[in-house]
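Enquirer: Let me begin by handing over the structure; questions about it come next.
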There are 2 protein chains.
Amino acid sequence: MTHTLNETHDAALTSWVESANDPQSDFPIQNLPFAVFRRAGSGAPFRGGVAIGDQVVDLAALDAVLAGRPDHAVARQAAALGARDSLNALMAAGPAAWSALRLALSRLLRADAPARPDLLVAQADAEFAVPATIGDYTDFYTSIHHATAVGKLFRPDNPLLPNYKWVPIGYHGRSSTIGVSGQEFRRPLGQTRGATDAEPVFGASKRMDFELEVGIFVGPGNAPGEPIAAADAEAHVFGLCLLNDWSARDLQAWEYQPLGPFLSKNFATTISPWIVTTEALAPYRTGWRRDAADPQPLPYLDYPALRGGGGFDIELEVQLQTAAMRQAGQAPATLATSNFRHSYWTVAQLLAHHTVNGCALRPGDLLGSGTQSGPEAAQAGSLLELSAGGKQPLTLPNGEQRVFLEDGDRVVLRGRAARPGLPRIGFGAASGTLLAADKR
Amino acid sequence: MTHTLNETHDAALTSWVESANDPQSDFPIQNLPFAVFRRAGSGAPFRGGVAIGDQVVDLAALDAVLAGRPDHAVARQAAALGARDSLNALMAAGPAAWSALRLALSRLLRADAPARPDLLVAQADAEFAVPATIGDYTDFYTSIHHATAVGKLFRPDNPLLPNYKWVPIGYHGRSSTIGVSGQEFRRPLGQTRGATDAEPVFGASKRMDFELEVGIFVGPGNAPGEPIAAADAEAHVFGLCLLNDWSARDLQAWEYQPLGPFLSKNFATTISPWIVTTEALAPYRTGWRRDAADPQPLPYLDYPALRGGGGFDIELEVQLQTAAMRQAGQAPATLATSNFRHSYWTVAQLLAHHTVNGCALRPGDLLGSGTQSGPEAAQAGSLLELSAGGKQPLTLPNGEQRVFLEDGDRVVLRGRAARPGLPRIGFGAASGTLLAADKR
């Protein structure tokens with residue numbers, strides 16, 4: 001379904017919103033990602049919007065435009081759902097509604113359509129919120145390169161556990177502290193114990209890290225006891241975003257046995273405001289990565305499109321801007337680039353696995369991909385890996401060094417899909433800033 | 001605050017609702033627990049209610065009663081919040097509102113007050129729902145007896161991990177599959193791998209279990225980055241309920257490394273409809289359990305009331321009724337009894353730990369205590385423990401045997417607080433039934 005190309009994917013399309021025709025824009029007319037926004041400082045309710053160039057199409061303004069168009073009746077209904085203060089209702093409406101709205105937007109915004117600047121708000125004048133009420137948030141662990149690298153640090157004798165190539169490993173995260181790009185949070189306090197210490201100590205984390213992840217927003221979902229088959233799973237994916245799973249490695253090492261990470265992760269999670277739909281990503285699909293020696297997936301994790309186009313070819317980038325860089329007016333520096341194509345498990349496999357036991361997914365639920373480290377050392381999606389467990393400092397362009405994050409550090413995630421002959425479609429940014437610990 | 005006794009705790013009080021004066025009732029006038037309910041089959045919106053004997057006081061009907069009473073203005077506001085279709089707004093209102101509503105209800109229901117049967121719905125005519133919109137659900141692991149017993153089965157050489165006596169271990173659960181008493185769910189499907197098997201197999205779990213837990217509903221909660229101090233924590237606890245953390249032990253053993261339990265737990269969690277407030281439980285407080293050799297808690301986990309009355313003396317019971325017992329009209333058989341007083345960590349410590357890193361708790365969030373096994377073998381809160389890891393079958397009164405749950409088995413949790421000279425106040429039941437696996 002979502003792999004089918006249609007007129008909205010036509011690489012030749014341009015828009016009457018001139019900024020969308022800049023090849024460096026994340027938001028050409030072939031993208032059309034969703035967010036919730038309002039004019040900054042207005043205090044108005046948030047409402048759904050769609051990015052085009054450096055503007056946002058206000059979904060609440062679309063009703064009048066689509067009212068006289070019987071050919072866009074489904075799109076009009078979808079726009080009304082999307083105009084609410086969260087995208088949950090639109091997510092629940094399913095692929096036919098999403099696709100109809102995308103088609104209507106594409107036709108309205110094309111260069112040969114009448115310009116309607118009254119539908120637009122400049123992104124520079126907007127503020128954004130978490131785009132859905134997230135009922136449950138699950139974080140997976142789909143990069144075998146990350147799992148192996150981190151496993152070596154936590155369990156040198158046993159880096160990749162025997163279940164890894166069979167089970168899409170995941171755990172439940174915390175939805176109450178998920179914030180949108182621009183999130184600021186204090187360095188967390190907690191218990192840590194050094195390898196040679198007899199007792200733990202209490203204080204601010206000294207090993208603060210980011211994790212470069214892709215977020216997956218669930219669409220219609222399933223009732224308890226009614227699993228989603230892998231072959232049907234992408235009809236339950238509204239779209240993808242960027243996700244930074246901030247981590248306190250020293251808290252994690254002390255707390256994580258036997259029930260997994262808890263306070264080391266749940267103080268903050270930052271996502272991009274923009275959700276790029278799976279339909280927009282259809283031209284950028286790729287095969288499932290595996291080695292010949294890897295086991296065949298169990299039947300519930302196998303499906304026709306898996307090998308041909310189960311994956312997503314999305315370039316991912318993590319940047320760091322220290323407080324000193326900000327003061328000097330220096331742009332964020334790139335620490336690593338990777339690609340979602342390196343994921344060991346596909347998005348459809350994650351949904352099939354999550355629900356195979358009868359667990360219910362609800363519209364607006366969020367899945368994290370896990371840190372998307374690639375096979376090369378420079379493709380690592382966390383400082384834990386980039387600094388070899390805190391042993392090899394990174395030198396930044398201004399001469400500063402980092403093993404873990406310092407107060408004032410801002411981490412910016414970016415993502416884009418691009419192929420020869422196709423426009424580049426981007427995810428915008430997920431930016432978050434670590435503040436000093438509370439002085440209690 | 002919640003430890004203070006007042007006129008609502010007077011053991012001599014009786015009610016004009018005669019059934020509340022039965023010493024075997026869970027719901028005397030000293031209890032007054034909250035639920036959301038509606039007349040069964042009415043399709044009406046759910047609304048808040050308070051148990052008295054075998055009746056429910058309809059909070060939506062209280063407004064007219066309290067309207068003419070300036071002395072009950074705060075209670076009237078609280079009743080209006082409680083009359084909504086979930087208790088989140090009442091939970092957010094805080095202890096002063098809860099206490100005022102409790103006092104008004106106590107005075108309205110006393111034997112010397114005018115009988116108002118028009119405010120009541122018989123519990124037998126009611127149906128119940130999950131009492132709050134649960135934003136996030138966290139399950140802890142507070143019984144050192146359970147942690148030790150289960151640790152021996154999963155890690156014979158390393159049963160109680162070094163962090164246990166320092167860190168209130170917990171992990172995030174799934175809110176989408178939490179159901180109220182009466183919940184039915186299918187035996188989950190998933191991956192398992194036997195100790196001697198080269199590869200996992202897919203199928204229905206063969207080691208289905210219950211876990212006897214106490215649930216804790218959060219009141220006002222905290223903003224991100226603003227921890228709740230242990231000394232203040234009970235002002236953020238609306239009340240306690242019963243909670244069955246259903247578990248698939250064979251799925252758990254294969255999936256839980258390194259990120260903790262996931263599909264082995266998230267298919268179903270059953271809670272009681274009734275939430276007993278901490279104010280009602282004030283006469284049944286008890287000291288914090290610890291051995292002389294146990295480490296002192298770190299300062300953020302210590303607080304004045306900890307040793308004197310940090311714990312709750314609540315008797316817990318788990319019962320099993322097989323399909324054969326139901327067909328023969330036989331009552332559920334008791335498998336084990338325990339007590340929340342055995343918990344290694346107090347409720348206040350759980351909230352202080354959960355938020356010390358800046359994690360936000362929201363009104364209506366749910367915490368599970370973890371399986372409340374006591375120090376004796378007969379006080380084990382799971383079949384995994386009662387059957388010694390599936391090796392020693394239990395024989396039921398009708399001659400049936402169990403190592404783990406079989407299709408059609410119904411598990412009923414019960415709880416009550418009782419002390420000499422004080423009325424017994426109970427939690428009702430959390431009942432759930434395991435159905436056969438889907439035949440796919």
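Going by the structure tokens order, chains are called A, B, ..., each with residues numbered from 1, while ligands are numbered from 1 in the order shown.
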Counting only C-alpha atoms, which residues from chain B have an atom at most 6 Å from any atom of chain A, and could you show them as a ChimeraX atom specification?
Expert: /B:171-173,176,188-190,259-260,262,266-267,357-360
Enquirer: Take the residues that were just selected and, keeping C-alpha atoms, output them as an mmCIF file, in the first residue's frame.
Expert:
data_model
loop_
_atom_site.group_PDB
_atom_site.id
_atom_site.type_symbol
_atom_site.label_atom_id
_atom_site.label_comp_id
_atom_site.auth_asym_id
_atom_site.auth_seq_id
_atom_site.Cartn_x
_atom_site.Cartn_y
_atom_site.Cartn_z
ATOM 1 C CA TYR B 171 10.386 -0.626 35.106
ATOM 2 C CA HIS B 172 7.783 0.856 32.831
ATOM 3 C CA GLY B 173 4.701 -1.192 32.011
ATOM 4 C CA SER B 176 -3.108 0.127 26.999
ATOM 5 C CA PRO B 188 -0.516 -14.925 24.728
ATOM 6 C CA LEU B 189 1.493 -16.200 21.787
ATOM 7 C CA GLY B 190 5.193 -15.581 21.537
ATOM 8 C CA LEU B 259 16.137 -4.489 28.629
ATOM 9 C CA GLY B 260 13.681 -6.226 30.950
ATOM 10 C CA PHE B 262 8.117 -6.755 27.641
ATOM 11 C CA ASN B 266 2.072 -6.287 28.515
ATOM 12 C CA PHE B 267 -0.829 -8.422 27.228
ATOM 13 C CA ASN B 357 15.814 12.350 38.319
ATOM 14 C CA GLY B 358 13.167 14.865 37.232
ATOM 15 C CA CYS B 359 10.707 12.320 35.829
ATOM 16 C CA ALA B 360 7.143 13.660 35.907
#
Enquirer: Could you give me, as a PyMOL selection string, the residues within 8 Å of segment 375-392 of chain B, counting only C-alpha atoms and dropping anything in the same chain fewer than 5 positions from it?
Expert: chain B and resi 145-146+149-150+153+209-213+249+318+336-338+342+403-404
Enquirer: Only N, CA and C atoms, please: the residues just picked out, written as a PDB file, in the first residue's frame.
Expert:
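File out.pdb, as written:
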ATOM      1  N   HIS B 145      11.456 -10.862  49.270  1.00  0.00           N
ATOM      2  CA  HIS B 145      11.237 -12.311  49.273  1.00  0.00           C
ATOM      3  C   HIS B 145      10.940 -12.797  47.851  1.00  0.00           C
ATOM      4  N   HIS B 146      10.124 -12.040  47.128  1.00  0.00           N
ATOM      5  CA  HIS B 146       9.854 -12.388  45.730  1.00  0.00           C
ATOM      6  C   HIS B 146      11.123 -12.231  44.889  1.00  0.00           C
ATOM      7  N   ALA B 149      13.389 -15.168  45.603  1.00  0.00           N
ATOM      8  CA  ALA B 149      12.887 -16.455  45.115  1.00  0.00           C
ATOM      9  C   ALA B 149      12.952 -16.527  43.586  1.00  0.00           C
ATOM     10  N   VAL B 150      12.532 -15.457  42.909  1.00  0.00           N
ATOM     11  CA  VAL B 150      12.553 -15.456  41.448  1.00  0.00           C
ATOM     12  C   VAL B 150      13.992 -15.394  40.954  1.00  0.00           C
ATOM     13  N   LEU B 153      15.524 -18.687  40.555  1.00  0.00           N
ATOM     14  CA  LEU B 153      15.097 -19.452  39.389  1.00  0.00           C
ATOM     15  C   LEU B 153      15.739 -18.940  38.104  1.00  0.00           C
ATOM     16  N   ASP B 209       1.191 -17.169  34.567  1.00  0.00           N
ATOM     17  CA  ASP B 209       1.256 -16.923  36.006  1.00  0.00           C
ATOM     18  C   ASP B 209       0.505 -15.631  36.341  1.00  0.00           C
ATOM     19  N   PHE B 210       0.213 -15.481  37.615  1.00  0.00           N
ATOM     20  CA  PHE B 210      -0.310 -14.223  38.137  1.00  0.00           C
ATOM     21  C   PHE B 210       0.774 -13.591  39.009  1.00  0.00           C
ATOM     22  N   GLU B 211       0.577 -12.332  39.376  1.00  0.00           N
ATOM     23  CA  GLU B 211       1.406 -11.705  40.414  1.00  0.00           C
ATOM     24  C   GLU B 211       0.492 -10.875  41.313  1.00  0.00           C
ATOM     25  N   LEU B 212       0.558 -11.136  42.586  1.00  0.00           N
ATOM     26  CA  LEU B 212      -0.271 -10.493  43.610  1.00  0.00           C
ATOM     27  C   LEU B 212       0.379  -9.166  44.002  1.00  0.00           C
ATOM     28  N   GLU B 213      -0.228  -8.070  43.548  1.00  0.00           N
ATOM     29  CA  GLU B 213       0.390  -6.760  43.779  1.00  0.00           C
ATOM     30  C   GLU B 213      -0.616  -5.757  44.329  1.00  0.00           C
ATOM     31  N   ARG B 249       5.874 -16.694  31.947  1.00  0.00           N
ATOM     32  CA  ARG B 249       7.248 -16.906  32.425  1.00  0.00           C
ATOM     33  C   ARG B 249       8.191 -17.408  31.341  1.00  0.00           C
ATOM     34  N   VAL B 318      -4.649 -14.391  47.303  1.00  0.00           N
ATOM     35  CA  VAL B 318      -4.881 -14.762  45.911  1.00  0.00           C
ATOM     36  C   VAL B 318      -5.658 -16.071  45.893  1.00  0.00           C
ATOM     37  N   ALA B 336      -2.680 -18.452  48.358  1.00  0.00           N
ATOM     38  CA  ALA B 336      -1.654 -17.853  49.221  1.00  0.00           C
ATOM     39  C   ALA B 336      -2.222 -16.593  49.867  1.00  0.00           C
ATOM     40  N   THR B 337      -1.685 -16.269  51.015  1.00  0.00           N
ATOM     41  CA  THR B 337      -1.983 -14.983  51.642  1.00  0.00           C
ATOM     42  C   THR B 337      -0.655 -14.321  51.991  1.00  0.00           C
ATOM     43  N   SER B 338      -0.638 -13.012  51.905  1.00  0.00           N
ATOM     44  CA  SER B 338       0.580 -12.275  52.217  1.00  0.00           C
ATOM     45  C   SER B 338       0.164 -10.943  52.839  1.00  0.00           C
ATOM     46  N   HIS B 342       5.274  -6.493  54.188  1.00  0.00           N
ATOM     47  CA  HIS B 342       6.558  -7.130  53.895  1.00  0.00           C
ATOM     48  C   HIS B 342       7.365  -6.367  52.834  1.00  0.00           C
ATOM     49  N   VAL B 403       0.637 -26.361  38.057  1.00  0.00           N
ATOM     50  CA  VAL B 403       1.957 -25.756  38.213  1.00  0.00           C
ATOM     51  C   VAL B 403       1.911 -24.323  37.676  1.00  0.00           C
ATOM     52  N   PHE B 404       1.290 -24.167  36.500  1.00  0.00           N
ATOM     53  CA  PHE B 404       0.970 -22.834  35.993  1.00  0.00           C
ATOM     54  C   PHE B 404      -0.520 -22.799  35.653  1.00  0.00           C
TER      55      PHE B 404
END
Enquirer: Which neighbours of Gly432 of chain B fall inside 10 Å, counting only C-alpha atoms, when residues of the same chain fewer than 5 positions from it are skipped, and could you give them as a PyMOL selection string?
Expert: chain B and resi 179-185+210+244+246+268-272+320+408-413
Enquirer: What parts of segment 204-363 of chain A does DSSP call strand (DSSP E or B)? I'd like the answer as a ChimeraX atom specification.
Expert: /A:204,208-209,212-218,237-244,247-248,269-271,275-277,285-286,311-312,315-321,333-339
Enquirer: Which residues are close to Ala331 of chain B, i.e. within 10 Å by only C-alpha atoms, leaving aside same-chain residues fewer than 6 positions away? Reply as a list in words.
Expert: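 These residues fall inside the cut-off: Gln319, Leu320, Gln321, Thr322 and Met325 of chain B.
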Enquirer: What's around Asp85 of chain B at 9 Å? Count only C-alpha atoms, leave out sequence neighbours fewer than 5 positions away in its own chain, and write the answer as a list in words.
Expert: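 Final neighbour list, sorted by chain and number: Val36, Phe37, Pro45, Phe46, Arg47, Gly48, Pro131 and Ala132 of chain B.
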Enquirer: Store the residues picked out above in a file with N, CA, C and O atoms, as a compact mmCIF listing (two decimals), in the first residue's frame.
Expert:
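Wrote it out as result28.txt, contents follow:
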# COMPACT_ATOMS: atom_id res chain seq x y z
N VAL B 36 -15.13 4.21 39.28
CA VAL B 36 -16.07 4.76 38.31
C VAL B 36 -17.01 3.63 37.90
O VAL B 36 -16.59 2.48 37.77
N PHE B 37 -18.28 3.96 37.71
CA PHE B 37 -19.31 2.94 37.51
C PHE B 37 -20.44 3.50 36.66
O PHE B 37 -20.51 4.71 36.39
N PRO B 45 -22.71 7.24 30.38
CA PRO B 45 -21.30 7.52 30.68
C PRO B 45 -20.94 6.99 32.07
O PRO B 45 -21.77 7.01 32.99
N PHE B 46 -19.70 6.51 32.21
CA PHE B 46 -19.23 6.16 33.55
C PHE B 46 -19.09 7.43 34.37
O PHE B 46 -18.90 8.52 33.84
N ARG B 47 -19.21 7.29 35.70
CA ARG B 47 -19.02 8.43 36.60
C ARG B 47 -18.50 7.91 37.93
O ARG B 47 -18.59 6.72 38.23
N GLY B 48 -17.97 8.82 38.72
CA GLY B 48 -17.37 8.42 39.98
C GLY B 48 -18.40 7.97 40.99
O GLY B 48 -19.53 8.47 41.01
N PRO B 131 -10.52 3.15 36.69
CA PRO B 131 -11.02 4.38 37.29
C PRO B 131 -10.34 5.67 36.85
O PRO B 131 -10.84 6.75 37.17
N ALA B 132 -9.25 5.57 36.14
CA ALA B 132 -8.57 6.79 35.68
C ALA B 132 -7.99 6.54 34.30
O ALA B 132 -7.75 5.40 33.91
Enquirer: One number please: atom CA of Ser19 of chain A to atom CA of Gly53 of chain A, in Å, one decimal.
Expert: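 Result for atom CA of Ser19 of chain A versus atom CA of Gly53 of chain A: 4.6 Å, one decimal.
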Enquirer: Run DSSP on the backbone and tell me which residues of segment 63-297 of chain A come out as helix (DSSP H, G or I); list them as number ranges by chain.
Expert: A: 63-67, 70-82, 88-93, 95-109, 117-119, 123-125, 144-154, 230-236, 249-255, 282-284
Enquirer: A:Ala73, A:Leu32, A:Val276, A:Ile144: which is nearest Gly239 of chain A, counting only C-alpha atoms?
Expert: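 Smallest separation from Gly239 of chain A among the options: A:Val276.
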Enquirer: Fewer than 2 positions away in the same chain doesn't count, so skip those; otherwise give me all residues within 12 Å of Leu120 of chain A, counting only C-alpha atoms, as a list in words.
Expert: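 Answer for this query is Trp16, Val17, Phe37, Arg38, Arg39, Gly49, Val50, Ala51, Ile52, Gly53, Asp54, Gln55, Val56, Val57, Asp58, Leu59, Ala60, Ala61, Leu62, Leu109, Ala115, Arg116, Pro117, Asp118, Ala122, Gln123, Ala124, Asp125 and Ala126 of chain A.
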Enquirer: So which residues touch Ala75 of chain A within 7 Å, counting only C-alpha atoms, skipping near sequence neighbours fewer than 2 positions away, as an MDAnalysis selection string?
Expert: chainID A and resid 72:73 77:79 97 100:101 104
Enquirer: Could you tell me how far atom CA of Ala83 of chain B sits from atom CA of Val65 of chain B, in Å to one decimal place?
Expert: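 Between atom CA of Val65 of chain B and atom CA of Ala83 of chain B the gap is 13.8 Å.
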Enquirer: With distances taken over only C-alpha atoms, which of B:Ala44, B:Ser99, B:Arg290, B:Thr277 is nearest to Glu7 of chain B?
Expert: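 The closest residue to Glu7 of chain B is B:Ser99.
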